[in-house]
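This is protein-v9.csv (CSV, C-alpha atoms and all ligand atoms).
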```
chain,number,residue,atom,x,y,z
A,299,MET,CA,89.6,109.2,168.5
A,300,GLN,CA,90.5,105.5,168.6
A,301,MET,CA,91.7,103.8,165.5
A,302,GLU,CA,88.6,101.6,165.4
A,303,GLU,CA,86.5,104.6,164.8
A,304,TYR,CA,88.4,105.4,161.6
A,305,LYS,CA,88.8,101.9,160.2
A,306,ASP,CA,86.9,101.2,157.0
A,307,LYS,CA,85.4,104.7,156.9
A,308,ILE,CA,85.5,107.7,154.6
A,309,ILE,CA,85.8,110.7,156.8
A,310,LEU,CA,84.5,114.1,155.6
A,311,GLY,CA,86.9,116.9,156.5
A,312,ASP,CA,90.1,118.7,155.8
A,313,SER,CA,93.0,116.3,155.7
A,314,LEU,CA,95.3,118.3,157.9
A,315,GLN,CA,92.8,118.6,160.7
A,316,VAL,CA,91.6,115.0,160.5
A,317,LEU,CA,95.2,113.6,160.3
A,318,LYS,CA,96.1,115.5,163.5
A,319,GLN,CA,93.6,113.4,165.4
A,320,ILE,CA,95.0,110.1,164.3
A,321,LYS,CA,97.5,108.4,166.6
A,322,ALA,CA,101.2,108.4,165.5
A,323,GLU,CA,102.4,105.2,163.8
A,324,SER,CA,99.0,103.6,163.5
A,325,VAL,CA,98.7,103.1,159.7
A,326,ASP,CA,100.6,100.6,157.6
A,327,LEU,CA,100.4,102.3,154.2
A,328,VAL,CA,99.5,105.7,152.7
A,329,ILE,CA,98.6,105.9,149.0
A,330,THR,CA,97.3,109.1,147.6
A,331,SER,CA,97.1,111.6,144.7
A,332,PRO,CA,96.6,115.1,145.9
A,333,PRO,CA,95.1,117.8,143.7
A,334,TYR,CA,97.8,118.9,141.2
A,335,PHE,CA,98.8,122.6,141.3
A,336,GLN,CA,96.1,124.8,139.7
A,337,GLN,CA,94.9,122.0,137.5
A,338,ARG,CA,91.2,121.4,138.4
A,339,ASP,CA,88.3,122.9,140.4
A,340,TYR,CA,87.0,120.2,142.7
A,341,GLY,CA,84.2,122.4,143.8
A,342,ASN,CA,85.9,123.1,147.2
A,343,GLY,CA,85.9,126.9,147.0
A,344,ASN,CA,88.7,128.4,149.0
A,345,SER,CA,89.1,125.3,151.1
A,346,GLY,CA,91.2,122.3,150.1
A,347,ASN,CA,94.5,122.0,148.4
A,348,GLY,CA,95.4,122.6,144.8
A,349,ASN,CA,94.3,126.2,143.9
A,350,GLU,CA,96.8,128.2,145.9
A,351,GLN,CA,98.1,131.4,144.4
A,352,THR,CA,101.7,130.3,144.2
A,353,GLU,CA,103.7,127.1,143.8
A,354,GLU,CA,105.4,127.8,147.1
A,355,GLU,CA,102.1,128.1,148.9
A,356,TYR,CA,100.9,124.9,147.2
A,357,LEU,CA,104.1,123.0,148.2
A,358,ASP,CA,103.9,124.4,151.8
A,359,ASN,CA,100.3,123.2,152.3
A,360,LEU,CA,101.0,119.8,150.6
A,361,SER,CA,104.1,119.2,152.7
A,362,ALA,CA,102.2,120.0,155.9
A,363,ILE,CA,99.8,117.2,155.0
A,364,PHE,CA,102.6,114.9,153.8
A,365,PHE,CA,104.4,115.2,157.1
A,366,GLU,CA,101.2,114.4,159.0
A,367,THR,CA,100.9,111.2,156.9
A,368,VAL,CA,104.5,110.4,157.7
A,369,ARG,CA,103.7,110.8,161.4
A,370,VAL,CA,100.7,108.4,161.4
A,371,THR,CA,102.6,105.8,159.4
A,372,LYS,CA,104.3,102.9,161.2
A,373,THR,CA,108.0,102.6,161.0
A,374,THR,CA,107.4,99.4,158.9
A,375,GLY,CA,105.1,101.3,156.5
A,376,ALA,CA,105.4,103.3,153.3
A,377,ILE,CA,104.0,106.5,152.0
A,378,VAL,CA,103.1,106.8,148.3
A,379,TYR,CA,102.3,110.1,146.6
A,380,ASN,CA,101.3,110.4,142.9
A,381,ILE,CA,101.6,114.0,141.6
A,382,GLY,CA,101.4,115.4,138.1
A,383,ASP,CA,103.3,118.4,136.7
A,384,LYS,CA,102.2,121.6,135.2
A,385,TYR,CA,103.3,123.8,132.2
A,386,SER,CA,103.7,127.5,132.9
A,387,GLU,CA,105.1,130.0,130.5
A,388,GLY,CA,105.8,127.2,128.1
A,389,GLY,CA,107.9,125.0,130.5
A,390,LEU,CA,107.3,122.2,132.9
A,391,ARG,CA,107.5,123.4,136.6
A,392,LEU,CA,108.8,120.0,137.9
A,393,ILE,CA,106.3,120.3,140.8
A,394,PRO,CA,106.4,116.6,141.6
A,395,TYR,CA,110.1,116.8,142.0
A,396,GLN,CA,110.0,120.0,144.0
A,397,PHE,CA,107.7,118.1,146.4
A,398,ALA,CA,109.9,115.0,146.5
A,399,ILE,CA,113.0,117.1,147.2
A,400,ARG,CA,111.4,118.7,150.2
A,401,ALA,CA,110.4,115.3,151.5
A,402,VAL,CA,113.8,113.8,151.1
A,403,LYS,CA,115.6,116.9,152.5
A,404,SER,CA,113.6,116.7,155.7
A,405,ARG,CA,115.4,113.4,156.4
A,406,LYS,CA,112.1,112.1,158.0
A,407,VAL,CA,111.8,109.8,155.0
A,408,PHE,CA,113.8,108.4,152.2
A,409,LEU,CA,112.8,107.7,148.6
A,410,VAL,CA,112.6,103.9,148.0
A,411,ASN,CA,111.5,104.3,144.3
A,412,GLU,CA,110.0,106.6,141.9
A,413,ILE,CA,107.7,104.4,139.9
A,414,LYS,CA,106.8,105.9,136.5
A,415,TRP,CA,103.3,105.3,135.5
A,416,ILE,CA,103.3,104.9,131.7
A,417,LYS,CA,99.9,106.1,130.4
A,418,LEU,CA,98.8,103.9,127.6
A,419,ASN,CA,96.2,106.5,126.5
A,420,PRO,CA,97.6,109.9,127.3
A,421,THR,CA,95.5,113.0,126.7
A,422,PRO,CA,96.2,114.3,123.1
A,423,ARG,CA,97.4,117.9,122.8
A,424,GLN,CA,97.4,120.3,119.9
A,425,ASP,CA,100.9,121.8,120.7
A,426,LYS,CA,103.1,120.9,117.7
A,427,ARG,CA,106.3,121.9,119.6
A,428,LYS,CA,106.0,119.5,122.5
A,429,LEU,CA,105.8,115.7,122.8
A,430,ILE,CA,102.7,114.5,124.6
A,431,PRO,CA,103.3,114.0,128.4
A,432,SER,CA,102.5,110.4,129.1
A,433,THR,CA,104.2,109.5,132.4
A,434,GLU,CA,103.5,110.5,136.0
A,435,PRO,CA,105.6,109.6,139.1
A,436,PHE,CA,104.4,107.5,142.1
A,437,PHE,CA,106.9,108.3,144.8
A,438,ILE,CA,107.4,105.5,147.4
A,439,PHE,CA,108.8,106.9,150.7
A,440,ALA,CA,109.7,104.9,153.8
A,441,LYS,CA,110.6,105.9,157.3
A,442,SER,CA,113.0,103.1,158.2
A,443,LYS,CA,114.9,100.3,156.5
A,444,GLU,CA,112.3,97.9,158.0
A,445,TYR,CA,109.6,98.9,155.5
A,446,TYR,CA,107.4,96.0,154.3
A,447,PHE,CA,108.2,95.1,150.7
A,448,ASP,CA,106.8,91.9,149.0
A,449,LEU,CA,108.3,91.9,145.6
A,450,SER,CA,107.0,88.4,144.9
A,451,ASN,CA,103.4,89.7,145.0
A,452,TYR,CA,104.0,92.8,142.8
A,453,LEU,CA,102.9,92.3,139.2
A,454,ARG,CA,102.7,88.6,139.8
A,455,HIS,CA,100.4,88.0,136.9
A,456,LEU,CA,103.2,89.0,134.6
A,457,ASP,CA,105.4,86.3,136.0
A,458,GLU,CA,102.5,83.8,135.6
A,459,MET,CA,102.2,84.9,132.0
A,460,ASN,CA,105.9,84.2,131.5
A,461,LYS,CA,105.4,80.7,133.0
A,462,ASN,CA,102.3,80.1,130.8
A,463,GLN,CA,104.3,81.0,127.8
A,464,ARG,CA,107.0,78.5,128.8
A,465,ASN,CA,104.4,75.8,129.4
A,466,ASN,CA,102.6,76.4,126.1
A,467,PRO,CA,105.6,76.8,123.8
A,468,SER,CA,104.6,78.0,120.3
A,469,GLY,CA,107.6,76.2,118.9
A,470,LYS,CA,109.2,79.5,118.1
A,471,LEU,CA,111.7,79.7,121.0
A,472,GLY,CA,115.2,79.7,119.6
A,473,LYS,CA,114.0,79.4,116.0
A,474,LYS,CA,115.8,82.6,115.1
A,475,TYR,CA,119.1,81.3,116.6
A,476,PHE,CA,118.9,78.1,114.6
A,477,GLU,CA,118.5,80.1,111.4
A,478,LEU,CA,121.4,82.3,112.4
A,479,ILE,CA,123.7,79.3,113.1
A,480,ASP,CA,122.9,77.9,109.7
A,481,LYS,CA,123.7,81.3,108.0
A,482,SER,CA,126.9,81.8,110.0
A,483,ASP,CA,130.5,81.0,108.9
A,484,LEU,CA,131.0,78.5,111.8
A,485,SER,CA,132.5,75.2,110.8
A,486,GLU,CA,130.1,72.2,110.6
A,487,ASN,CA,131.5,70.9,113.8
A,488,GLU,CA,130.9,74.2,115.6
A,489,LYS,CA,127.4,74.5,114.1
A,490,ASP,CA,126.6,71.0,115.5
A,491,LYS,CA,127.8,72.0,119.0
A,492,ALA,CA,126.0,75.3,118.9
A,493,LYS,CA,122.7,73.6,117.9
A,494,LYS,CA,123.1,71.0,120.7
A,495,GLU,CA,123.7,73.7,123.3
A,496,LEU,CA,120.8,75.8,122.0
A,497,GLN,CA,118.5,72.7,122.2
A,498,GLU,CA,119.7,72.2,125.8
A,499,ALA,CA,119.0,75.9,126.7
A,500,ILE,CA,115.4,75.6,125.2
A,501,ARG,CA,114.8,72.5,127.2
A,502,ALA,CA,115.9,74.4,130.4
A,503,VAL,CA,113.5,77.2,129.7
A,504,TYR,CA,110.6,74.7,129.2
A,505,THR,CA,111.4,72.9,132.4
A,506,GLY,CA,111.7,76.2,134.3
A,507,GLU,CA,115.4,75.8,135.2
A,508,ILE,CA,116.1,79.1,133.6
A,509,SER,CA,113.7,81.9,132.6
A,510,SER,CA,115.3,82.7,129.3
A,511,PHE,CA,118.6,82.9,127.4
A,512,ARG,CA,120.5,84.9,124.9
A,513,MET,CA,122.9,83.5,122.3
A,514,LYS,CA,125.9,85.2,120.6
A,515,ILE,CA,127.3,83.8,117.4
A,516,ARG,CA,130.7,84.6,115.9
A,517,GLY,CA,130.5,86.9,112.9
A,518,ILE,CA,126.8,87.6,113.5
A,519,HIS,CA,126.6,89.3,116.9
A,520,LYS,CA,128.9,92.1,118.0
A,521,PRO,CA,131.5,90.9,120.6
A,522,ALA,CA,131.2,92.7,124.0
A,523,TYR,CA,133.8,95.4,124.7
A,524,GLY,CA,136.7,94.4,127.0
A,525,GLY,CA,135.9,91.1,128.8
A,526,GLN,CA,138.2,88.8,130.8
A,527,ALA,CA,140.4,86.1,129.3
A,528,GLY,CA,138.3,82.9,129.3
A,529,GLY,CA,135.1,85.1,129.3
A,530,ARG,CA,132.3,85.3,126.8
A,531,ASN,CA,134.4,86.9,124.0
A,532,ASP,CA,136.9,84.1,124.2
A,533,GLN,CA,134.1,81.5,124.0
A,534,ILE,CA,132.8,83.3,120.9
A,535,ILE,CA,136.2,83.4,119.3
A,536,ASN,CA,137.2,79.8,120.2
A,537,ASN,CA,133.9,77.9,120.1
A,538,GLY,CA,132.0,80.1,117.6
A,539,PHE,CA,129.2,81.0,120.1
A,540,THR,CA,128.2,81.5,123.7
A,541,ILE,CA,124.9,81.1,125.5
A,542,ILE,CA,123.9,83.5,128.4
A,543,ARG,CA,121.5,81.7,130.7
A,544,ILE,CA,119.1,84.0,132.6
A,545,THR,CA,117.7,82.7,135.9
A,546,GLY,CA,115.0,84.0,138.2
A,547,ASP,CA,111.7,85.8,137.7
A,548,ARG,CA,111.2,88.7,135.3
A,549,LEU,CA,113.1,91.8,136.4
A,550,LYS,CA,110.8,94.1,138.2
A,551,LYS,CA,111.4,97.6,137.0
A,552,ASP,CA,110.3,101.0,138.3
A,553,ILE,CA,107.7,101.4,135.6
A,554,ILE,CA,104.1,100.4,135.4
A,555,GLU,CA,101.9,100.6,132.4
A,556,SER,CA,98.2,101.3,132.6
A,557,PRO,CA,95.6,103.3,130.7
A,558,VAL,CA,94.2,106.4,132.3
A,559,GLU,CA,91.1,105.3,134.2
A,560,ILE,CA,87.9,105.6,132.0
A,561,THR,CA,85.5,107.4,134.3
A,562,LYS,CA,82.2,106.4,132.6
A,563,ASP,CA,80.3,105.6,135.8
A,564,ASN,CA,82.4,107.8,138.1
A,565,LYS,CA,81.7,111.5,138.3
A,566,HIS,CA,85.0,112.4,139.9
A,567,PRO,CA,87.3,114.2,137.4
A,568,ALA,CA,90.7,112.8,138.4
A,569,VAL,CA,90.5,109.1,139.2
A,570,TYR,CA,93.7,107.1,139.2
A,571,PRO,CA,93.9,103.5,138.0
A,572,LEU,CA,92.6,100.8,140.4
A,573,TYR,CA,95.1,98.4,138.8
A,574,ILE,CA,98.1,100.4,139.8
A,575,ILE,CA,96.9,101.0,143.3
A,576,GLN,CA,96.1,97.3,143.8
A,577,GLU,CA,99.6,96.4,142.7
A,578,LEU,CA,101.2,98.9,145.1
A,579,ILE,CA,99.0,97.6,147.9
A,580,LYS,CA,100.2,94.0,147.2
A,581,LEU,CA,103.8,95.3,147.1
A,582,LEU,CA,103.7,97.3,150.3
A,583,SER,CA,101.2,95.7,152.7
A,584,LYS,CA,99.7,92.5,154.0
A,585,PRO,CA,96.1,91.4,154.4
A,586,GLY,CA,94.6,93.0,157.5
A,587,ASP,CA,96.8,96.1,157.3
A,588,ILE,CA,95.4,99.6,157.3
A,589,VAL,CA,95.7,101.7,154.1
A,590,LEU,CA,95.0,105.5,154.3
A,591,ASP,CA,94.2,108.0,151.5
A,592,PRO,CA,94.2,111.6,152.7
A,593,PHE,CA,92.8,112.9,149.4
A,594,ASN,CA,90.3,110.2,148.9
A,595,GLY,CA,88.3,111.5,145.9
A,596,SER,CA,86.1,108.7,144.5
A,597,GLY,CA,87.7,106.2,146.8
A,598,THR,CA,90.0,104.2,144.4
A,599,THR,CA,92.5,103.5,147.2
A,600,CYS,CA,89.8,102.3,149.6
A,601,LEU,CA,88.3,100.1,146.9
A,602,ALA,CA,91.6,98.6,146.1
A,603,ALA,CA,92.3,98.0,149.8
A,604,LYS,CA,88.9,96.4,150.3
A,605,ASN,CA,89.3,94.1,147.3
A,606,LEU,CA,92.6,92.9,148.8
A,607,ASN,CA,91.3,92.3,152.3
A,608,ARG,CA,93.1,95.3,153.8
A,609,HIS,CA,91.3,97.9,156.0
A,610,TYR,CA,91.0,101.5,154.7
A,611,ILE,CA,90.6,105.0,155.9
A,612,GLY,CA,89.7,107.8,153.4
A,613,ILE,CA,89.7,111.5,154.1
A,614,GLU,CA,87.9,113.8,151.7
A,615,ILE,CA,86.8,117.5,152.0
A,616,ASN,CA,84.0,117.4,149.4
A,617,PRO,CA,80.8,115.7,150.7
A,618,ASP,CA,79.7,114.8,147.2
A,619,TYR,CA,82.8,112.7,146.7
A,620,VAL,CA,82.4,111.1,150.1
A,621,GLU,CA,79.0,109.9,149.0
A,622,LEU,CA,80.4,108.8,145.7
A,623,ALA,CA,83.2,106.8,147.3
A,624,ASP,CA,80.7,105.2,149.8
A,625,ASN,CA,78.5,104.1,147.0
A,626,ARG,CA,81.5,102.8,145.0
A,627,LEU,CA,82.6,100.8,148.0
A,628,LYS,CA,79.2,99.1,148.3
A,629,GLN,CA,79.6,97.6,144.8
A,630,ILE,CA,81.9,94.8,144.0
A,631,CYS,CA,84.4,96.0,141.5
A,632,TYR,CA,87.6,94.0,141.1
A,633,HIS,CA,89.7,94.9,138.1
A,634,GLN,CA,91.1,91.9,136.5
A,635,GLU,CA,94.8,92.3,136.1
A,636,LEU,CA,95.6,93.8,132.8
A,637,PHE,CA,97.6,92.1,130.0
A,638,ILE,CA,96.7,88.5,131.1
B,701,LIG,C1,93.2,114.0,142.6
B,701,LIG,S1,91.8,113.9,143.6
B,701,LIG,C2,91.9,112.2,144.2
B,701,LIG,C3,91.3,111.2,143.3
B,701,LIG,C4,91.4,109.8,143.8
B,701,LIG,N1,92.7,109.3,143.8
B,701,LIG,C5,90.5,108.9,143.0
B,701,LIG,O1,91.0,107.9,142.3
B,701,LIG,O2,89.3,109.1,142.9
B,701,LIG,C6,92.1,114.8,145.0
B,701,LIG,C7,90.9,115.0,145.9
B,701,LIG,O3,91.4,115.6,147.1
B,701,LIG,C8,90.3,116.4,147.6
B,701,LIG,N2,90.9,117.4,148.5
B,701,LIG,C9,91.5,118.6,148.2
B,701,LIG,N3,92.0,119.2,149.3
B,701,LIG,C10,91.7,118.4,150.3
B,701,LIG,C11,91.9,118.5,151.7
B,701,LIG,N4,92.6,119.5,152.2
B,701,LIG,N5,91.5,117.5,152.6
B,701,LIG,C12,90.8,116.5,152.0
B,701,LIG,N6,90.5,116.3,150.7
B,701,LIG,C13,91.0,117.3,149.9
B,701,LIG,C14,89.6,116.9,146.4
B,701,LIG,O4,88.2,117.3,146.7
B,701,LIG,C15,89.7,115.7,145.4
B,701,LIG,O5,88.6,114.9,145.5
```
Represent the structure from my file as C-alpha cells, please.
Ligand SMILES: C[S@@+](CC[C@H](N)C(=O)[O-])C[C@H]1O[C@@H](n2cnc3c(N)ncnc32)[C@H](O)[C@@H]1O
Amino acid sequence: MQMEEYKDKIILGDSLQVLKQIKAESVDLVITSPPYFQQRDYGNGNSGNGNEQTEEEYLDNLSAIFFETVRVTKTTGAIVYNIGDKYSEGGLRLIPYQFAIRAVKSRKVFLVNEIKWIKLNPTPRQDKRKLIPSTEPFFIFAKSKEYYFDLSNYLRHLDEMNKNQRNNPSGKLGKKYFELIDKSDLSENEKDKAKKELQEAIRAVYTGEISSFRMKIRGIHKPAYGGQAGGRNDQIINNGFTIIRITGDRLKKDIIESPVEITKDNKHPAVYPLYIIQELIKLLSKPGDIVLDPFNGSGTTCLAAKNLNRHYIGIEINPDYVELADNRLKQICYHQELFI
C-alpha cells in the first residue's frame, strides 16, 4: 500500500502484519505504549500482545514489532516506547529495561534518553512493605545521529512561566539574601558591596540578561570543596561573598510530571497522558510529519499529532478501540498545558 492510504487513519489489524506492509523509512516518529506483561485483558483473546505465558515470549513478540517500527522510521526519526513493570513473587521484573537492553544490544538503535514520567496521582496500594510505584519510563530511541530534536519547543510553557515570573516580580527575589547579609559577620563595607552586587543581579534577572543567580556569603554558606586560586572560595574569603549568575533557559531534564489520565469519557483501560505525548511530538517532529502508534488503543497519540498539525497512523487490533479512537479524533480536544 502507498503511504497516502495509511495517512490520518486508524487501521484495524495486528501490528506486526500491518507494519510489514508499510514502506521502510516512511514515518518520522513512532510513539506508543504496548500492553504491559500480563497486566490487563484488552478483550483480544489469544491474539494481540501482552498475555503471553512467559516474559521471554512477551519480549520476543514485542521486539519483533519494535524492529518493524524501527524499519519504517526515517533515519532522521525517533522511536518512543512507554512500558510499565510488573511485580512477580514479590519483586519487580525490570521488564521495561529487559526490553530496552534488547533494543540497544541490537545496535539498530541507540537510546537517546529514558524520560521518567512522574505520576502525580499514582494508584494507591495496600502493601505496607513497598513504596508506591509512581514512575514509568518513556524510552527515546534513534537510528542515526541526525535524529530531529527541537529542545526549544519541549516544555516551552515552563520557560514562558519563568519569564512571566521575571516580568511580574513579587518583590521577593533576593529578599532572603538581603536578610542573610544583614545577619552575617561581614564588615559594613563588605555588606554594602554585597548588597550592591545583589541588587545588580536582581536587575539582570528582571531584564532577562540572566535567568537566575545564587549567592554565597562568608560564615553563612558552606564553602565549596577544593576550588582554584582566585575562584569562588577565594572570593568568599576575600570579599565576603560571591554571586553565581545562571544564564539560558531552564535546564530541561529527563523527567516529566503528569497525572495519570482520568478516563471518565474514555472506555479504554490504559490511556496515557495527552500532555506528555504532545510534548514528545513537539520535541521530536515538525508540523506535517507522520507520527505512528502501533498499539493505538483509544488514539491518544493520533489525537496529539492532529492537535499539533502532524499526520498520524494508528494500528489497533480491537475493533471497539478503533471505533473509540475514530470518535475521539472527530472531537476537538486540546489539553491546555499543565502548570501554567
Ligand atoms: C496500553 S494500550 C494503548 C493505549 C493508548 N496509548 C491510549 O492512550 O489509549 C495497548 C493497546 O494495544 C492493543 N494491541 C495489543 N496487541 C496488539 C497488536 N498485536 N496489534 C495491534 N494492537 C494491539 C490493545 O488492544 C490495546 O488497545
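The coordinates place atom CA of Phe436 of chain A at 19.0 Å from atom CA of Arg405 of chain A.
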**Message:** Can you pull out the residues contacting segment 370-375 of chain A? Cut-off 10 Å, using all atoms listed in the file, and skip same-chain residues under 6 positions away; I want them as a ChimeraX atom specification.
**Reply:** /A:317-328,439-447,582-583,587-590
**Message:** Taking all atoms listed in the file and a cut-off of 9 Å, can you tell me which residues surround ligand LIG 701 (chain B), written as number ranges by chain?
**Reply:** A: 310-316, 329-334, 338-342, 345-348, 359-360, 363, 380-381, 559, 564, 566-572, 591-599, 612-620, 623
**Message:** When you look at Glu507 of chain A with a cut-off of 12 Å (counting only C-alpha atoms), what residues show up, excluding the ones that are within fewer than 5 positions of it in the same chain? I need them as a PyMOL selection string.
**Reply:** chain A and resi 461+464+498-502+543-547
Select from segment 398-457 of chain A every residue with an atom at most 12 Å from any atom of segment 353-357 of chain A, then for each give the shortest pair of atoms and their distance in Å to one decimal, using only C-alpha atoms, rows by chain and rising number, as JSON lines.
```
{"residue": "A:Ala398", "atom": "CA", "partner": "A:Leu357", "partner_atom": "CA", "distance": 10.0}
{"residue": "A:Ile399", "atom": "CA", "partner": "A:Leu357", "partner_atom": "CA", "distance": 10.7}
{"residue": "A:Arg400", "atom": "CA", "partner": "A:Leu357", "partner_atom": "CA", "distance": 8.7}
{"residue": "A:Ala401", "atom": "CA", "partner": "A:Leu357", "partner_atom": "CA", "distance": 10.5}
```
**Prompt:** Could you state the separation of atom CA of Thr540 of chain A and atom CA of Arg512 of chain A in Å, given to one decimal place?
**Reply:** 8.5 Å
**Request:** Do a neighbour search on Phe539 of chain A at 10 Å with all atoms listed in the file, toss out local chain neighbours closer than 2 positions, and write the hits as number ranges by chain.
**Result:** A: 479, 484, 488-489, 491-492, 495, 513-519, 530-537, 541
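Ranking A:Pro394, A:Pro557, A:Gly388, A:Pro431 by their shortest atom-to-atom distance to Phe335 of chain A, with only C-alpha atoms included, puts A:Pro394 first.
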**Request:** Take atom CA of Leu581 of chain A and atom CA of Asp448 of chain A and report the distance between them in Å, one decimal.
**Result:** 4.9 Å
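Of the residues under consideration (A:Ser386, A:Leu418, A:Ile611, A:Lys494), A:Ile611 shows the shortest atom-to-atom contact distance to Glu302 of chain A when counting all atoms listed in the file.
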Contacts of Leu549 of chain A at 12 Å or less, counting all atoms listed in the file, minus same-chain residues fewer than 6 places along, as a PDB file with C-alpha atoms, keeping the file's coordinate frame?
```
ATOM      1  CA  LEU A 449     108.300  91.900 145.600  1.00  0.00           C
ATOM      2  CA  SER A 450     107.000  88.400 144.900  1.00  0.00           C
ATOM      3  CA  TYR A 452     104.000  92.800 142.800  1.00  0.00           C
ATOM      4  CA  LEU A 453     102.900  92.300 139.200  1.00  0.00           C
ATOM      5  CA  ARG A 454     102.700  88.600 139.800  1.00  0.00           C
ATOM      6  CA  LEU A 456     103.200  89.000 134.600  1.00  0.00           C
ATOM      7  CA  ASP A 457     105.400  86.300 136.000  1.00  0.00           C
ATOM      8  CA  ASN A 460     105.900  84.200 131.500  1.00  0.00           C
ATOM      9  CA  SER A 509     113.700  81.900 132.600  1.00  0.00           C
ATOM     10  CA  SER A 510     115.300  82.700 129.300  1.00  0.00           C
TER      11      SER A 510
END
```
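Of the residues under consideration (A:Glu458, A:Gly538, A:Val410, A:Lys580), A:Gly538 shows the shortest atom-to-atom contact distance to Asn487 of chain A when counting only C-alpha atoms.
Closest to Ala362 of chain A among A:Asn344, A:Ser404, A:Lys384, A:Glu477 is A:Ser404, based on all atoms listed in the file.
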**Prompt:** In terms of the shortest atom-to-atom distance over only C-alpha atoms, which of A:Lys305, A:Lys414, A:Lys584, A:Lys481 is closest to Gly382 of chain A?
**Reply:** A:Lys414
**Cut-off 10 Å around (81.3, 104.6, 151.5) with only C-alpha atoms: residues as an MDAnalysis selection string** = chainID A and resid 306:309 596:597 600:601 612 619:629
